[in-house]
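Okay, input.cif is below, mmCIF, N, CA and C atoms and all ligand atoms:
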```cif
data_entry
#
loop_
_atom_site.label_atom_id
_atom_site.label_comp_id
_atom_site.auth_asym_id
_atom_site.auth_seq_id
_atom_site.Cartn_x
_atom_site.Cartn_y
_atom_site.Cartn_z
N MET Q 1 83.04 180.24 145.77
CA MET Q 1 84.10 180.12 144.77
C MET Q 1 85.24 181.09 145.05
N LYS Q 2 84.88 182.33 145.42
CA LYS Q 2 85.90 183.33 145.74
C LYS Q 2 86.74 182.88 146.92
N THR Q 3 86.06 182.26 147.91
CA THR Q 3 86.77 181.78 149.11
C THR Q 3 87.79 180.72 148.73
N LEU Q 4 87.37 179.80 147.84
CA LEU Q 4 88.29 178.73 147.41
C LEU Q 4 89.47 179.31 146.64
N GLN Q 5 89.19 180.28 145.77
CA GLN Q 5 90.28 180.89 144.99
C GLN Q 5 91.28 181.57 145.93
N LYS Q 6 90.76 182.22 146.96
CA LYS Q 6 91.61 182.89 147.93
C LYS Q 6 92.44 181.86 148.70
N ALA Q 7 91.79 180.76 149.07
CA ALA Q 7 92.49 179.71 149.82
C ALA Q 7 93.63 179.12 148.98
N VAL Q 8 93.36 178.85 147.72
CA VAL Q 8 94.38 178.29 146.83
C VAL Q 8 95.53 179.28 146.65
N ALA Q 9 95.19 180.56 146.51
CA ALA Q 9 96.22 181.60 146.36
C ALA Q 9 97.11 181.67 147.60
N ASN Q 10 96.56 181.22 148.74
CA ASN Q 10 97.32 181.25 149.99
C ASN Q 10 97.92 179.88 150.35
N GLY Q 11 97.97 178.99 149.38
CA GLY Q 11 98.66 177.72 149.59
C GLY Q 11 97.80 176.49 149.78
N ALA Q 12 96.47 176.65 149.79
CA ALA Q 12 95.61 175.46 149.95
C ALA Q 12 95.64 174.62 148.68
N GLU Q 13 95.48 173.33 148.86
CA GLU Q 13 95.46 172.43 147.71
C GLU Q 13 94.12 171.69 147.73
N ILE Q 14 93.41 171.73 146.63
CA ILE Q 14 92.10 171.06 146.57
C ILE Q 14 92.29 169.69 145.91
N ARG Q 15 91.91 168.66 146.62
CA ARG Q 15 92.03 167.30 146.09
C ARG Q 15 90.62 166.80 145.77
N SER Q 16 90.28 166.84 144.50
CA SER Q 16 88.94 166.43 144.09
C SER Q 16 88.83 164.91 144.07
N GLN Q 17 87.62 164.40 143.98
CA GLN Q 17 87.36 162.96 143.92
C GLN Q 17 87.95 162.24 145.13
N SER Q 18 88.08 162.96 146.24
CA SER Q 18 88.72 162.38 147.42
C SER Q 18 87.76 162.38 148.60
N VAL Q 19 87.68 161.25 149.29
CA VAL Q 19 86.77 161.10 150.43
C VAL Q 19 87.56 160.67 151.66
N ALA Q 20 87.52 161.50 152.70
CA ALA Q 20 88.21 161.15 153.94
C ALA Q 20 87.57 159.90 154.53
N SER Q 21 88.41 158.93 154.94
CA SER Q 21 87.85 157.68 155.44
C SER Q 21 88.29 157.36 156.87
N LYS Q 22 89.39 157.95 157.32
CA LYS Q 22 89.84 157.64 158.67
C LYS Q 22 90.74 158.75 159.22
N ILE Q 23 90.56 159.05 160.50
CA ILE Q 23 91.45 160.00 161.16
C ILE Q 23 92.53 159.18 161.86
N LEU Q 24 93.77 159.47 161.57
CA LEU Q 24 94.87 158.74 162.21
C LEU Q 24 95.36 159.57 163.38
N TYR Q 25 95.62 158.91 164.48
CA TYR Q 25 96.05 159.67 165.67
C TYR Q 25 97.01 158.85 166.51
N ASP Q 26 97.76 159.57 167.33
CA ASP Q 26 98.72 158.95 168.24
C ASP Q 26 97.96 158.46 169.47
N GLU Q 27 98.03 157.17 169.74
CA GLU Q 27 97.29 156.56 170.86
C GLU Q 27 97.66 157.20 172.21
N LYS Q 28 98.95 157.55 172.36
CA LYS Q 28 99.40 158.08 173.66
C LYS Q 28 98.99 159.53 173.86
N THR Q 29 99.26 160.37 172.86
CA THR Q 29 99.02 161.80 173.03
C THR Q 29 97.62 162.24 172.60
N GLY Q 30 97.00 161.46 171.72
CA GLY Q 30 95.70 161.86 171.21
C GLY Q 30 95.81 162.85 170.07
N ASP Q 31 97.04 163.17 169.67
CA ASP Q 31 97.22 164.12 168.56
C ASP Q 31 96.89 163.45 167.21
N VAL Q 32 96.23 164.19 166.37
CA VAL Q 32 95.96 163.68 165.02
C VAL Q 32 97.26 163.69 164.23
N THR Q 33 97.55 162.59 163.54
CA THR Q 33 98.80 162.49 162.79
C THR Q 33 98.57 162.49 161.28
N GLY Q 34 97.33 162.30 160.86
CA GLY Q 34 97.05 162.32 159.43
C GLY Q 34 95.58 161.99 159.16
N ILE Q 35 95.20 162.21 157.93
CA ILE Q 35 93.84 161.83 157.49
C ILE Q 35 94.01 160.88 156.31
N MET Q 36 93.41 159.72 156.45
CA MET Q 36 93.44 158.76 155.35
C MET Q 36 92.26 159.07 154.43
N TYR Q 37 92.49 159.02 153.14
CA TYR Q 37 91.38 159.27 152.22
C TYR Q 37 91.47 158.39 150.99
N LYS Q 38 90.33 158.24 150.34
CA LYS Q 38 90.26 157.44 149.11
C LYS Q 38 90.15 158.39 147.93
N GLU Q 39 91.08 158.25 147.00
CA GLU Q 39 91.04 159.08 145.80
C GLU Q 39 90.47 158.23 144.66
N TYR Q 40 89.30 158.62 144.22
CA TYR Q 40 88.59 157.83 143.21
C TYR Q 40 88.94 158.29 141.80
N ARG Q 41 88.96 157.30 140.87
CA ARG Q 41 89.08 157.63 139.46
C ARG Q 41 88.48 156.49 138.65
N THR Q 42 88.23 156.76 137.39
CA THR Q 42 87.68 155.72 136.52
C THR Q 42 88.83 155.09 135.75
N SER Q 43 88.90 153.76 135.81
CA SER Q 43 89.99 153.05 135.13
C SER Q 43 89.74 153.06 133.62
N GLU Q 44 90.73 152.61 132.85
CA GLU Q 44 90.58 152.60 131.39
C GLU Q 44 89.43 151.70 130.95
N SER Q 45 89.12 150.68 131.78
CA SER Q 45 88.01 149.77 131.43
C SER Q 45 86.66 150.32 131.92
N GLY Q 46 86.67 151.51 132.49
CA GLY Q 46 85.42 152.15 132.91
C GLY Q 46 85.00 151.81 134.33
N GLU Q 47 85.86 151.09 135.05
CA GLU Q 47 85.54 150.70 136.42
C GLU Q 47 85.93 151.83 137.39
N LEU Q 48 85.09 152.04 138.41
CA LEU Q 48 85.42 153.05 139.42
C LEU Q 48 86.38 152.43 140.44
N ILE Q 49 87.57 152.98 140.52
CA ILE Q 49 88.56 152.43 141.45
C ILE Q 49 89.07 153.54 142.36
N TYR Q 50 89.71 153.14 143.46
CA TYR Q 50 90.28 154.16 144.33
C TYR Q 50 91.65 153.75 144.83
N GLU Q 51 92.40 154.76 145.21
CA GLU Q 51 93.72 154.56 145.79
C GLU Q 51 93.66 155.17 147.19
N GLU Q 52 94.18 154.45 148.18
CA GLU Q 52 94.16 154.98 149.54
C GLU Q 52 95.41 155.82 149.78
N LYS Q 53 95.22 157.02 150.29
CA LYS Q 53 96.34 157.94 150.52
C LYS Q 53 96.22 158.55 151.91
N VAL Q 54 97.30 159.17 152.38
CA VAL Q 54 97.28 159.84 153.68
C VAL Q 54 97.82 161.26 153.49
N VAL Q 55 97.15 162.21 154.10
CA VAL Q 55 97.65 163.58 154.08
C VAL Q 55 97.97 163.99 155.53
N SER Q 56 99.11 164.65 155.71
CA SER Q 56 99.51 165.11 157.04
C SER Q 56 99.65 166.63 157.02
N ALA Q 57 99.40 167.22 158.18
CA ALA Q 57 99.49 168.68 158.26
C ALA Q 57 99.79 169.10 159.70
N LYS Q 58 99.97 170.39 159.90
CA LYS Q 58 100.19 170.89 161.26
C LYS Q 58 98.88 170.91 162.02
N ARG Q 59 97.81 171.31 161.33
CA ARG Q 59 96.49 171.39 161.95
C ARG Q 59 95.46 170.71 161.05
N TYR Q 60 94.40 170.23 161.68
CA TYR Q 60 93.35 169.53 160.93
C TYR Q 60 92.01 170.17 161.26
N LEU Q 61 91.21 170.34 160.23
CA LEU Q 61 89.88 170.91 160.41
C LEU Q 61 88.87 169.97 159.75
N LEU Q 62 87.96 169.44 160.56
CA LEU Q 62 86.92 168.58 160.00
C LEU Q 62 85.76 169.47 159.57
N ALA Q 63 85.41 169.43 158.31
CA ALA Q 63 84.32 170.28 157.81
C ALA Q 63 83.42 169.49 156.87
N ALA Q 64 83.11 168.27 157.27
CA ALA Q 64 82.30 167.40 156.42
C ALA Q 64 80.83 167.40 156.85
N HIS Q 65 80.40 168.49 157.47
CA HIS Q 65 79.06 168.67 158.01
C HIS Q 65 78.91 167.83 159.28
N ALA Q 66 77.95 168.18 160.10
CA ALA Q 66 77.80 167.60 161.44
C ALA Q 66 77.73 166.07 161.43
N VAL Q 67 76.92 165.51 160.57
CA VAL Q 67 76.73 164.06 160.57
C VAL Q 67 77.99 163.35 160.11
N GLU Q 68 78.56 163.81 159.00
CA GLU Q 68 79.77 163.15 158.47
C GLU Q 68 80.96 163.30 159.42
N ASN Q 69 81.06 164.45 160.07
CA ASN Q 69 82.14 164.64 161.05
C ASN Q 69 82.05 163.59 162.14
N ALA Q 70 80.85 163.43 162.69
CA ALA Q 70 80.64 162.45 163.77
C ALA Q 70 80.90 161.04 163.26
N LYS Q 71 80.45 160.75 162.06
CA LYS Q 71 80.64 159.41 161.47
C LYS Q 71 82.14 159.11 161.32
N LEU Q 72 82.87 160.10 160.84
CA LEU Q 72 84.31 159.94 160.63
C LEU Q 72 85.04 159.71 161.96
N LEU Q 73 84.64 160.46 162.97
CA LEU Q 73 85.25 160.30 164.31
C LEU Q 73 84.95 158.90 164.86
N LEU Q 74 83.71 158.47 164.74
CA LEU Q 74 83.33 157.15 165.26
C LEU Q 74 84.01 156.04 164.45
N ALA Q 75 84.03 156.18 163.12
CA ALA Q 75 84.64 155.15 162.26
C ALA Q 75 86.13 155.04 162.50
N SER Q 76 86.74 156.09 163.04
CA SER Q 76 88.18 156.07 163.30
C SER Q 76 88.48 155.56 164.70
N GLY Q 77 87.44 155.25 165.46
CA GLY Q 77 87.63 154.71 166.81
C GLY Q 77 88.22 155.71 167.78
N CYS Q 78 88.01 156.99 167.51
CA CYS Q 78 88.67 157.99 168.35
C CYS Q 78 87.68 158.87 169.09
N GLN Q 79 86.53 158.30 169.44
CA GLN Q 79 85.49 159.13 170.07
C GLN Q 79 85.92 159.76 171.39
N THR Q 80 86.82 159.11 172.13
CA THR Q 80 87.23 159.70 173.41
C THR Q 80 88.72 159.97 173.47
N LYS Q 81 89.44 159.60 172.43
CA LYS Q 81 90.90 159.65 172.53
C LYS Q 81 91.57 160.88 171.94
N ILE Q 82 91.06 161.41 170.84
CA ILE Q 82 91.79 162.51 170.22
C ILE Q 82 91.43 163.85 170.86
N SER Q 83 92.37 164.78 170.77
CA SER Q 83 92.10 166.10 171.32
C SER Q 83 91.37 166.92 170.25
N VAL Q 84 90.13 167.23 170.54
CA VAL Q 84 89.31 167.99 169.59
C VAL Q 84 89.04 169.36 170.18
N ARG Q 85 89.24 170.40 169.37
CA ARG Q 85 88.90 171.76 169.82
C ARG Q 85 87.76 172.26 168.95
N ILE Q 86 86.73 172.76 169.60
CA ILE Q 86 85.59 173.26 168.83
C ILE Q 86 85.54 174.78 168.96
C1 LIG C 1 67.84 173.53 151.42
C2 LIG C 1 68.78 174.20 152.39
C3 LIG C 1 68.75 175.57 152.53
C4 LIG C 1 69.60 176.21 153.43
N1 LIG C 1 69.54 177.57 153.54
C5 LIG C 1 70.34 178.20 154.40
C6 LIG C 1 70.31 179.62 154.52
O1 LIG C 1 69.54 180.31 153.85
N2 LIG C 1 71.13 180.21 155.41
C7 LIG C 1 71.99 179.48 156.17
O2 LIG C 1 72.73 180.09 156.96
N3 LIG C 1 72.05 178.15 156.06
C8 LIG C 1 71.25 177.48 155.21
N4 LIG C 1 71.32 176.13 155.11
C9 LIG C 1 72.25 175.39 155.97
C10 LIG C 1 73.66 175.45 155.40
O3 LIG C 1 73.65 174.98 154.06
C11 LIG C 1 74.56 174.54 156.23
O4 LIG C 1 74.42 174.88 157.60
C12 LIG C 1 76.02 174.72 155.83
O5 LIG C 1 76.18 174.39 154.47
C13 LIG C 1 76.88 173.81 156.66
O6 LIG C 1 78.22 173.98 156.21
P1 LIG C 1 79.29 172.87 156.42
O7 LIG C 1 80.57 173.42 155.82
O8 LIG C 1 79.30 172.44 157.84
O9 LIG C 1 78.78 171.61 155.58
P2 LIG C 1 78.55 171.45 154.02
O10 LIG C 1 78.25 172.74 153.34
O11 LIG C 1 77.57 170.32 153.91
O12 LIG C 1 79.97 170.99 153.49
C14 LIG C 1 80.51 169.71 153.83
C15 LIG C 1 81.35 169.24 152.65
O13 LIG C 1 82.10 168.10 153.07
C16 LIG C 1 82.08 167.16 152.02
N5 LIG C 1 82.27 165.83 152.64
C17 LIG C 1 81.38 165.10 153.37
N6 LIG C 1 81.93 163.98 153.81
C18 LIG C 1 83.21 163.97 153.35
C19 LIG C 1 84.29 163.06 153.47
N7 LIG C 1 84.19 161.90 154.16
N8 LIG C 1 85.47 163.36 152.86
C20 LIG C 1 85.59 164.53 152.16
N9 LIG C 1 84.61 165.43 152.01
C21 LIG C 1 83.44 165.15 152.62
C22 LIG C 1 80.72 167.31 151.33
O14 LIG C 1 80.81 166.83 150.02
C23 LIG C 1 80.54 168.81 151.40
O15 LIG C 1 81.12 169.45 150.29
C24 LIG C 1 70.51 175.45 154.21
C25 LIG C 1 70.54 174.07 154.03
C26 LIG C 1 69.69 173.44 153.16
C27 LIG C 1 69.76 171.95 153.00
#
```
Full structure transcribed into structure tokens:
Amino acid sequence: MKTLQKAVANGAEIRSQSVASKILYDEKTGDVTGIMYKEYRTSESGELIYEEKVVSAKRYLLAAHAVENAKLLLASGCQTKISVRI
């Protein structure tokens, strides 16, 4: 919790109810250009709905645990194309 508070104080924005669904990247350079995500909410009729959004940044850090990171990379079709630094 302290880490999150510190991150927010330094400009981080926490987007709750949001699930990353695709890594967008430039086919030529392999650079990541954005992360597509689904922002979930409950409609007035009680139905769970989502809106698809894209967030862009200077740098991207995948931290969805080992399995989800791999799943996201594979689901985005970028297993050999994007430049990943570990
Ligand atoms: C029972 C148990 C006990 C443990 N005890 C210890 C211990 O004593 N010491 C130790 O060092 N380690 C321990 N570990 C291991 C430790 O918890 C993990 O190694 C560590 O949490 C991994 O951190 P992470 O940030 O990679 O992933 P996580 O902590 O799993 O964080 C990943 C986050 O990404 C989110 N996420 C996943 N997919 C998406 C998506 N598509 N879009 C957006 N968000 C997403 C998840 O909701 C989650 O909040 C333990 C693990 C377990 C299960």
Here atom O11 of ligand LIG 1 (chain C) and CA of Ser43 (chain Q) stand apart by 28.4 Å
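For the point (82.6, 160.6, 159.9) in file coordinates, the residues within 12 Å, using only C-alpha atoms, are Val19, Ala20, Ser21, Lys22, Ile23, Ile35, Met36, Tyr37, Leu62, Ala63, Ala64, His65, Ala66, Val67, Glu68, Asn69, Ala70, Lys71, Leu72, Leu73, Leu74, Ala75, Ser76, Gly77, Cys78 and Gln79 of chain Q.
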Interatomic distance (Å, one decimal) between atom C of Leu24 (chain Q) and CA of Gly11 (chain Q):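 These atoms are spaced 23.0 Å apart.
Taking the backbone of this structure through DSSP, the residues of region 32-68 of chain Q that come out as alpha helix (DSSP H) are His65, Ala66, Val67 and Glu68 of chain Q.
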Would you save the residues from that selection as an mmCIF file, keeping the file's coordinate frame, using N, CA and C atoms?
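Output below, filename again30.cif:
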```cif
data_model
loop_
_atom_site.group_PDB
_atom_site.id
_atom_site.type_symbol
_atom_site.label_atom_id
_atom_site.label_comp_id
_atom_site.auth_asym_id
_atom_site.auth_seq_id
_atom_site.Cartn_x
_atom_site.Cartn_y
_atom_site.Cartn_z
ATOM 1 N N HIS Q 65 80.400 168.490 157.470
ATOM 2 C CA HIS Q 65 79.060 168.670 158.010
ATOM 3 C C HIS Q 65 78.910 167.830 159.280
ATOM 4 N N ALA Q 66 77.950 168.180 160.100
ATOM 5 C CA ALA Q 66 77.800 167.600 161.440
ATOM 6 C C ALA Q 66 77.730 166.070 161.430
ATOM 7 N N VAL Q 67 76.920 165.510 160.570
ATOM 8 C CA VAL Q 67 76.730 164.060 160.570
ATOM 9 C C VAL Q 67 77.990 163.350 160.110
ATOM 10 N N GLU Q 68 78.560 163.810 159.000
ATOM 11 C CA GLU Q 68 79.770 163.150 158.470
ATOM 12 C C GLU Q 68 80.960 163.300 159.420
#
```
What is the distance, in Å and to one decimal place, between atom N of Arg15 (chain Q) and atom N9 of ligand LIG 1 (chain C)? 9.6 Å
Counting only N, CA and C atoms, the residue of Q:Leu4, Q:Val32, Q:Asp26, Q:Ser18 that sits nearest Tyr60 (chain Q): Q:Val32
Here's a test: counting only N, CA and C atoms, identify every protein, DNA and RNA residue with an atom at most 7 Å from (91.0, 152.4, 146.0) in the file's coordinate frame, and state them as a ChimeraX atom specification. /Q:38-40,49-52
The residue from Q:Gln17, Q:Gln5, Q:Ser45, Q:Thr33 with the smallest atom-to-atom distance to ligand LIG 1 (chain C), counting all atoms listed in the file, is Q:Gln17
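Remark: for ligand LIG 1 (chain C), the closest of the candidate residues Q:Glu44, Q:Leu61, Q:Lys2, Q:Ser56 is Q:Leu61 (distances computed over only C-alpha atoms and all ligand atoms).
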Would you please give, as number ranges by chain, all residues of chain Q that DSSP assigns to strand (DSSP E or B) based on the backbone? Q: 18-25, 32-42, 48-55
